[in-house]
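Next comes final-v8.cif, with mmCIF, C-alpha atoms.
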data_my_file
loop_
_atom_site.label_atom_id
_atom_site.label_comp_id
_atom_site.auth_asym_id
_atom_site.auth_seq_id
_atom_site.Cartn_x
_atom_site.Cartn_y
_atom_site.Cartn_z
CA MET A 22 20.02 114.54 138.33
CA ASN A 23 23.18 116.59 139.04
CA ILE A 24 24.45 115.45 142.45
CA LEU A 25 27.26 116.94 144.52
CA ILE A 26 28.79 114.48 146.97
CA THR A 27 31.23 115.40 149.73
CA GLY A 28 33.52 112.71 151.10
CA GLY A 29 32.57 110.30 148.34
CA CYS A 30 35.93 108.49 148.37
CA GLY A 31 35.16 107.12 151.82
CA TYR A 32 33.80 103.79 152.98
CA ILE A 33 30.17 104.48 152.05
CA GLY A 34 30.74 106.80 149.09
CA THR A 35 32.85 104.20 147.31
CA VAL A 36 29.83 101.87 147.27
CA LEU A 37 27.20 104.60 146.81
CA ILE A 38 28.68 106.44 143.82
CA PRO A 39 28.80 103.41 141.46
CA LYS A 40 25.13 102.77 142.33
CA LEU A 41 24.22 106.39 141.52
CA LEU A 42 26.14 106.26 138.25
CA LYS A 43 24.26 103.10 137.32
CA ASP A 44 21.04 105.00 138.08
CA GLY A 45 22.10 107.55 135.45
CA HIS A 46 23.00 110.52 137.66
CA GLN A 47 25.73 113.07 136.94
CA ILE A 48 28.10 113.10 139.94
CA THR A 49 30.60 115.64 141.22
CA ASN A 50 32.59 114.32 144.17
CA ILE A 51 34.75 116.45 146.48
CA ASP A 52 37.12 114.58 148.78
CA THR A 53 40.54 115.19 150.33
CA GLN A 54 41.35 111.58 149.40
CA TRP A 55 43.30 111.16 152.66
CA PHE A 56 42.39 107.47 152.64
CA GLY A 57 42.86 106.92 148.92
CA ASN A 58 40.58 106.86 145.90
CA TYR A 59 38.91 103.60 144.92
CA LEU A 60 36.23 105.07 142.66
CA PRO A 61 35.96 103.89 139.04
CA LYS A 62 36.56 106.34 136.22
CA HIS A 63 33.27 107.20 134.53
CA LYS A 64 32.15 109.77 131.99
CA LYS A 65 29.46 111.00 134.40
CA LEU A 66 31.80 111.29 137.40
CA THR A 67 33.93 114.36 138.15
CA ASN A 68 36.26 113.54 141.03
CA ILE A 69 37.83 116.60 142.69
CA LYS A 70 40.66 116.23 145.21
CA SER A 71 39.96 119.11 147.58
CA ASP A 72 38.80 120.19 151.00
CA ILE A 73 35.22 121.54 151.20
CA SER A 74 36.61 124.83 152.49
CA ASN A 75 37.70 125.51 148.89
CA ILE A 76 34.25 124.92 147.44
CA ASN A 77 33.73 128.51 146.27
CA LYS A 78 36.93 128.30 144.23
CA LEU A 79 35.81 125.20 142.33
CA ASN A 80 34.08 125.31 138.97
CA ILE A 81 30.85 123.59 139.97
CA LYS A 82 27.74 124.64 138.08
CA LYS A 83 24.30 123.12 138.48
CA ILE A 84 23.55 121.10 141.63
CA ASP A 85 20.11 119.54 142.10
CA CYS A 86 21.00 117.70 145.29
CA CYS A 87 23.94 117.35 147.68
CA ILE A 88 24.79 114.19 149.61
CA HIS A 89 27.00 115.37 152.47
CA LEU A 90 29.14 112.48 153.73
CA ALA A 91 32.38 114.30 154.62
CA SER A 92 33.37 114.24 158.30
CA ILE A 93 35.94 112.93 160.75
CA ALA A 94 34.39 109.50 160.95
CA ASN A 95 34.26 108.32 164.59
CA ASP A 96 35.02 109.10 168.24
CA PRO A 97 38.75 108.20 168.41
CA MET A 98 39.45 110.03 165.15
CA ALA A 99 37.62 113.16 166.29
CA ASP A 100 39.65 113.21 169.52
CA LEU A 101 42.94 113.30 167.59
CA ASP A 102 42.46 116.95 166.66
CA LYS A 103 39.40 118.71 168.08
CA ASN A 104 39.78 121.75 165.86
CA LEU A 105 39.97 119.57 162.75
CA SER A 106 36.73 117.83 163.69
CA TRP A 107 34.84 121.09 164.25
CA GLU A 108 36.26 122.67 161.09
CA THR A 109 35.58 119.62 158.89
CA SER A 110 31.99 119.19 160.00
CA ALA A 111 30.44 122.31 161.51
CA LEU A 112 32.39 125.15 159.88
CA ASN A 113 32.78 123.54 156.46
CA THR A 114 29.10 122.58 156.52
CA TYR A 115 28.15 126.21 157.05
CA ASN A 116 30.30 127.15 154.02
CA LEU A 117 28.72 124.30 152.05
CA MET A 118 25.17 125.40 152.92
CA GLU A 119 25.90 128.98 151.87
CA PHE A 120 27.26 127.65 148.58
CA LEU A 121 24.23 125.42 148.00
CA LYS A 122 21.87 128.30 148.79
CA LYS A 123 23.67 130.47 146.23
CA LYS A 124 23.41 127.66 143.66
CA LYS A 125 19.69 127.27 144.43
CA THR A 126 20.15 123.59 145.23
CA LYS A 127 16.82 121.94 146.01
CA ARG A 128 17.81 119.24 148.51
CA ILE A 129 20.55 118.06 150.86
CA LEU A 130 20.98 114.61 152.39
CA TYR A 131 23.23 114.64 155.46
CA ALA A 132 25.00 111.66 157.03
CA SER A 133 24.72 112.31 160.75
CA SER A 134 25.03 109.48 163.31
CA GLY A 135 22.81 107.44 165.58
CA SER A 136 25.47 107.97 168.26
CA VAL A 137 24.05 111.47 168.95
CA TYR A 138 21.66 109.72 171.36
CA GLY A 139 24.58 108.74 173.62
CA ILE A 140 23.57 106.29 176.34
CA SER A 141 19.89 105.47 176.54
CA LYS A 142 18.03 102.84 178.57
CA ARG A 143 14.86 103.31 176.54
CA PRO A 144 13.67 100.14 174.78
CA ARG A 145 14.16 102.02 171.48
CA VAL A 146 15.19 105.57 170.66
CA SER A 147 13.14 107.40 168.05
CA GLU A 148 13.90 110.64 166.24
CA SER A 149 12.07 112.57 168.98
CA THR A 150 14.30 111.20 171.76
CA PRO A 151 16.35 113.99 173.42
CA LEU A 152 19.98 114.00 172.27
CA LYS A 153 22.64 113.35 174.91
CA PRO A 154 25.95 113.29 173.06
CA ILE A 155 28.79 112.11 175.30
CA SER A 156 31.79 112.53 173.01
CA LEU A 157 33.28 115.22 170.79
CA TYR A 158 32.23 113.28 167.69
CA ASN A 159 28.61 113.06 168.90
CA LYS A 160 28.54 116.77 169.75
CA VAL A 161 29.98 117.80 166.39
CA LYS A 162 27.35 115.72 164.58
CA MET A 163 24.54 117.26 166.65
CA VAL A 164 25.71 120.82 166.00
CA THR A 165 26.20 120.12 162.29
CA GLU A 166 22.62 118.84 162.09
CA ARG A 167 21.44 122.15 163.54
CA VAL A 168 23.51 124.17 161.11
CA ILE A 169 21.86 122.32 158.22
CA MET A 170 18.36 122.54 159.70
CA SER A 171 18.72 126.33 159.92
CA TYR A 172 18.59 126.38 156.09
CA SER A 173 15.40 124.32 155.82
CA LYS A 174 13.42 127.31 154.51
CA ASP A 175 15.72 127.47 151.49
CA ILE A 176 16.68 123.80 150.96
CA GLU A 177 14.81 120.52 151.53
CA VAL A 178 16.70 118.82 154.38
CA PHE A 179 16.93 115.07 154.92
CA ILE A 180 19.12 114.10 157.88
CA VAL A 181 19.97 110.42 158.34
CA ARG A 182 21.13 109.12 161.71
CA PRO A 183 22.70 105.80 160.70
CA ALA A 184 23.49 102.86 162.89
CA THR A 185 26.99 101.38 162.72
CA VAL A 186 27.48 100.44 159.08
CA CYS A 187 28.86 97.02 158.17
CA GLY A 188 29.84 95.13 155.03
CA PHE A 189 32.48 95.20 152.31
CA SER A 190 33.62 98.31 150.46
CA PRO A 191 36.63 98.73 148.14
CA ARG A 192 37.63 101.51 150.57
CA MET A 193 37.22 99.19 153.52
CA ARG A 194 36.96 100.22 157.15
CA LEU A 195 38.38 97.76 159.65
CA ASP A 196 37.45 99.90 162.65
CA VAL A 197 33.68 99.41 162.80
CA THR A 198 32.15 96.66 164.90
CA VAL A 199 31.03 93.88 162.55
CA ASN A 200 33.92 94.47 160.13
CA VAL A 201 36.68 94.46 162.73
CA LEU A 202 35.32 91.43 164.62
CA THR A 203 34.94 89.48 161.38
CA PHE A 204 38.37 90.43 160.03
CA SER A 205 40.05 89.60 163.35
CA ALA A 206 38.41 86.16 163.32
CA LEU A 207 39.62 85.59 159.75
CA LYS A 208 43.18 86.82 160.24
CA LYS A 209 43.97 85.92 163.86
CA LYS A 210 41.33 83.29 164.71
CA GLU A 211 40.64 85.50 167.70
CA ILE A 212 37.97 88.09 168.52
CA LYS A 213 38.68 90.77 171.14
CA VAL A 214 35.58 92.17 172.82
CA PHE A 215 35.85 95.26 175.03
CA GLY A 216 32.96 95.13 177.48
CA GLY A 217 30.40 93.39 175.32
CA LYS A 218 27.10 94.24 176.96
CA GLN A 219 26.74 97.52 175.02
CA VAL A 220 23.87 97.34 172.54
CA ARG A 221 24.47 98.95 169.16
CA PRO A 222 22.23 99.20 166.11
CA ASN A 223 23.64 98.02 162.79
CA ILE A 224 22.94 98.55 159.10
CA HIS A 225 24.41 96.88 156.01
CA ILE A 226 26.29 99.23 153.68
CA ASP A 227 24.02 98.35 150.73
CA ASP A 228 20.95 99.36 152.74
CA MET A 229 22.69 102.57 153.79
CA CYS A 230 23.33 103.44 150.15
CA ASP A 231 19.79 102.54 149.13
CA ILE A 232 18.41 104.90 151.77
CA TYR A 233 20.29 107.79 150.19
CA ARG A 234 18.93 106.72 146.80
CA LEU A 235 15.42 106.68 148.27
CA PHE A 236 15.79 110.21 149.65
CA LEU A 237 16.84 111.51 146.25
CA LYS A 238 13.35 110.88 144.94
CA VAL A 239 10.83 110.96 147.81
CA ASN A 240 8.36 113.83 148.04
CA LYS A 241 9.66 116.92 149.84
CA LYS A 242 6.85 116.57 152.40
CA TYR A 243 8.89 113.74 153.94
CA SER A 244 11.88 115.98 154.69
CA GLY A 245 13.24 115.76 158.22
CA ILE A 246 15.33 113.48 160.44
CA TYR A 247 15.42 109.70 160.09
CA ASN A 248 17.02 106.89 162.06
CA ALA A 249 18.53 104.12 159.95
CA GLY A 250 19.35 100.94 161.84
CA PHE A 251 17.58 97.62 161.78
CA GLU A 252 19.48 95.17 164.02
CA ASN A 253 20.05 96.14 167.65
CA LYS A 254 22.66 93.71 168.98
CA SER A 255 25.12 93.62 171.86
CA ILE A 256 28.81 93.59 170.92
CA LEU A 257 29.18 90.15 172.50
CA SER A 258 26.23 88.71 170.56
CA ILE A 259 27.80 89.98 167.31
CA ALA A 260 31.10 88.33 168.30
CA ASN A 261 29.31 85.04 168.94
CA PHE A 262 27.59 85.32 165.58
CA VAL A 263 30.95 85.84 163.87
CA LYS A 264 32.34 82.81 165.72
CA LYS A 265 29.52 80.61 164.37
CA ASN A 266 30.54 81.52 160.83
CA ILE A 267 34.32 81.69 161.27
CA PRO A 268 36.18 79.32 163.66
CA SER A 269 37.73 81.57 166.33
CA LYS A 270 38.08 82.28 170.05
CA ILE A 271 36.50 85.20 171.90
CA LYS A 272 38.54 87.16 174.49
CA ILE A 273 36.64 89.61 176.68
CA PHE A 274 38.33 92.69 178.18
CA ASN A 275 36.42 94.65 180.81
CA ASP A 276 39.02 97.35 181.48
CA LYS A 277 38.47 99.18 178.18
CA ASN A 278 35.12 99.75 176.56
CA ASP A 279 33.04 102.37 174.78
CA PRO A 280 29.96 102.82 177.01
CA ARG A 281 27.59 104.06 174.26
CA SER A 282 24.54 101.82 174.28
CA TYR A 283 21.22 102.40 172.57
CA ARG A 284 18.60 100.75 170.36
CA LEU A 285 17.42 102.59 167.28
CA ASP A 286 13.76 102.71 166.32
CA SER A 287 13.63 103.09 162.53
CA ASN A 288 9.87 102.81 162.06
CA LYS A 289 9.72 106.32 160.60
CA ILE A 290 11.75 105.38 157.53
CA ILE A 291 9.95 102.03 157.23
CA ASN A 292 6.64 103.89 157.19
CA ILE A 293 7.62 105.84 154.08
CA GLY A 294 8.36 102.64 152.22
CA TYR A 295 11.92 101.50 152.99
CA LYS A 296 12.53 97.81 153.66
CA PRO A 297 16.04 96.61 154.61
CA LYS A 298 17.39 93.95 152.28
CA LYS A 299 20.53 92.74 154.06
CA THR A 300 21.68 91.76 157.56
CA ILE A 301 24.76 91.44 159.77
CA HIS A 302 24.93 87.83 158.61
CA ASP A 303 25.17 88.95 154.99
CA ALA A 304 27.99 91.33 155.92
CA ILE A 305 29.98 88.61 157.71
CA LEU A 306 29.62 86.18 154.79
CA GLU A 307 30.54 88.83 152.21
CA ILE A 308 33.64 89.90 154.15
CA ARG A 309 34.64 86.24 154.56
CA GLU A 310 34.25 85.66 150.82
CA LYS A 311 36.26 88.78 149.87
CA TYR A 312 39.02 87.73 152.29
CA PHE A 313 39.38 84.24 150.84
CA THR A 314 39.29 85.49 147.23
CA GLY A 315 42.05 87.98 148.08
CA GLU A 316 39.95 91.05 147.28
CA LEU A 317 40.04 92.14 150.93
CA LYS A 318 43.53 92.77 152.27
CA ASP A 319 44.84 94.29 155.48
CA LYS A 320 45.88 97.69 154.12
CA PRO A 321 47.15 100.44 156.50
CA ASN A 322 44.60 102.99 155.23
CA PHE A 323 41.75 100.62 156.12
CA HIS A 324 42.56 101.31 159.79
CA SER A 325 41.25 104.86 159.83
CA LEU A 326 42.53 106.01 163.24
CA LYS A 327 46.13 104.88 162.72
CA TRP A 328 46.15 106.31 159.20
CA LEU A 329 44.72 109.68 160.25
CA LYS A 330 47.38 109.95 162.98
CA LYS A 331 50.01 110.02 160.24
CA ILE A 332 48.16 112.80 158.42
CA VAL A 333 47.30 114.93 161.45
#

Would you put the structure from the file into structure tokens?
Amino acid sequence: MNILITGGCGYIGTVLIPKLLKDGHQITNIDTQWFGNYLPKHKKLTNIKSDISNINKLNIKKIDCCIHLASIANDPMADLDKNLSWETSALNTYNLMEFLKKKKTKRILYASSGSVYGISKRPRVSESTPLKPISLYNKVKMVTERVIMSYSKDIEVFIVRPATVCGFSPRMRLDVTVNVLTFSALKKKEIKVFGGKQVRPNIHIDDMCDIYRLFLKVNKKYSGIYNAGFENKSILSIANFVKKNIPSKIKIFNDKNDPRSYRLDSNKIINIGYKPKKTIHDAILEIREKYFTGELKDKPNFHSLKWLKKIV
């Protein structure tokens, strides 16, 4: 299959693309490479350093499917430059969809976010739960979903609302919950928890990648929106779990915290045959192993917010 990937040099794409190449796919990746490029060279991989806004100027021929990962990746990063966030996601997605329609692309897989649900006291939020985005990032994701869905008569649309992703990637992110708590315990023997009672769903990066691989081949009748998160845990419970695996102290701060709290119900994706293979525990152990072998280092571009500040 000929697959176009946007933002494939990021945290998830750097793990996903090698898996897709191993599956035998032909990959074209478009990425600004603001955070570097950790992808392997491969005869079936064309890696283009570019913004999506230039997509009509690029020599891209046949596209069977697009995996759209490119975005400003979280709430603090989106707040750095509001225009950049809207342009990167909503406006560039419109340009991308027009391009895909012209190329007669059959299917798009979009990486949205489970955070579009905002704060919810429901025992579990399903795909039919009303969206209540509380931040710019959440709102941009919601609007981008709707831009993509407006093309569903022309292109098969699969929208994934992932939980917070965890686990090791060569293009590591040390600003997502499990990763940052684990790395802090390893490096400083201390875990800072802001609030702690907030419940967040989590998903291992390998499961996240395997879900995209699943949606490349499922029947088009299953197109639609899917939650993807299998462990709903409070921030404090994750910190305690890290502490059990890595000797460290927990410090709780109640003056600063992100209030988003929700539990994802991912039965819809389970019902079409997906079974998660890894857990938060696997992510913690893998990060610990990579740290002690020296493969995981504290690089400036692994702290996405601080790095983006330099660029913006």

Give as a VMD selection string the residues that the PyMOL selection byres ((chain A and resi 258) around 12) matches when applied to the coordinates above. chain A and resid 198 to 199 202 212 214 216 to 221 252 to 257 259 to 265 271 301

Give me, as a tab-separated table, the closest atom pair and its distance (Å, one decimal) for every residue of range 104-173 of chain A within a cut-off of 6 Å of range 279-288 of chain A, counting all atoms listed in the file, rows sorted by chain and rising number.
residue	atom	partner	partner_atom	distance
A:Gly139	CA	A:Arg281	CA	5.6
A:Ile140	CA	A:Ser282	CA	5.0
A:Ser141	CA	A:Tyr283	CA	5.2
A:Arg145	CA	A:Arg284	CA	4.8
A:Val146	CA	A:Leu285	CA	5.0
A:Ser147	CA	A:Asp286	CA	5.0

Contact residues around range 184-197 of chain A with all atoms listed in the file at 6 Å, ignoring same-chain residues under 3 positions, as a PDB file with C-alpha atoms, in the frame of the given file:
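And here's result.pdb as it stands now:
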ATOM      1  CA  TYR A  32      33.800 103.790 152.980  1.00  0.00           C
ATOM      2  CA  GLY A 135      22.810 107.440 165.580  1.00  0.00           C
ATOM      3  CA  ASN A 200      33.920  94.470 160.130  1.00  0.00           C
ATOM      4  CA  VAL A 201      36.680  94.460 162.730  1.00  0.00           C
ATOM      5  CA  PRO A 222      22.230  99.200 166.110  1.00  0.00           C
ATOM      6  CA  ASN A 223      23.640  98.020 162.790  1.00  0.00           C
ATOM      7  CA  ILE A 224      22.940  98.550 159.100  1.00  0.00           C
ATOM      8  CA  HIS A 225      24.410  96.880 156.010  1.00  0.00           C
ATOM      9  CA  ILE A 226      26.290  99.230 153.680  1.00  0.00           C
ATOM     10  CA  ALA A 249      18.530 104.120 159.950  1.00  0.00           C
ATOM     11  CA  GLY A 250      19.350 100.940 161.840  1.00  0.00           C
ATOM     12  CA  ALA A 304      27.990  91.330 155.920  1.00  0.00           C
ATOM     13  CA  ILE A 308      33.640  89.900 154.150  1.00  0.00           C
ATOM     14  CA  PHE A 323      41.750 100.620 156.120  1.00  0.00           C
ATOM     15  CA  HIS A 324      42.560 101.310 159.790  1.00  0.00           C
TER      16      HIS A 324
END

As a check of understanding, name the residues that the PyMOL selection byres ((chain A and resi 178) around 10) selects in the supplied structure, as an MDAnalysis selection string. chainID A and resid 87 127:131 166 169:177 179:181 236 241 243:246

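Each of A:Ser325, A:Asn240, A:Ser269, A:Leu317 was checked against Gly294 in chain A using only C-alpha atoms; the smallest atom-to-atom distance is that of A:Asn240.
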
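Take CA of Asn50 in chain A and CA of Leu66 in chain A: the distance between them is 7.5 Å.
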
For Pro61 in chain A, the nearest of the candidates A:Leu152, A:Leu42, A:Ala132, A:Ala91, counting only C-alpha atoms: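 Smallest distance to Pro61 in chain A is found for A:Leu42.
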
Interatomic distance, CA of Leu112 in chain A to CA of Val161 in chain A (Å, one decimal):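 Going from CA of Leu112 in chain A over to CA of Val161 in chain A covers 10.1 Å.
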
Atom pair CA of Asp228 in chain A / CA of Lys296 in chain A: separation (Å):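 Spanning CA of Asp228 in chain A to CA of Lys296 in chain A is a straight-line distance of 8.6 Å.
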
Close residues, range 22-27 of chain A itself excluded, 7 Å, only C-alpha atoms, min 2 positions apart in chain, as a VMD selection string: chain A and resid 29 46 to 52 83 to 91

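Of the listed residues A:Asp44, A:Asp102, A:Glu108, A:Asp231, the one whose atoms come nearest to Lys330 in chain A is A:Asp102, with distances taken using only C-alpha atoms.
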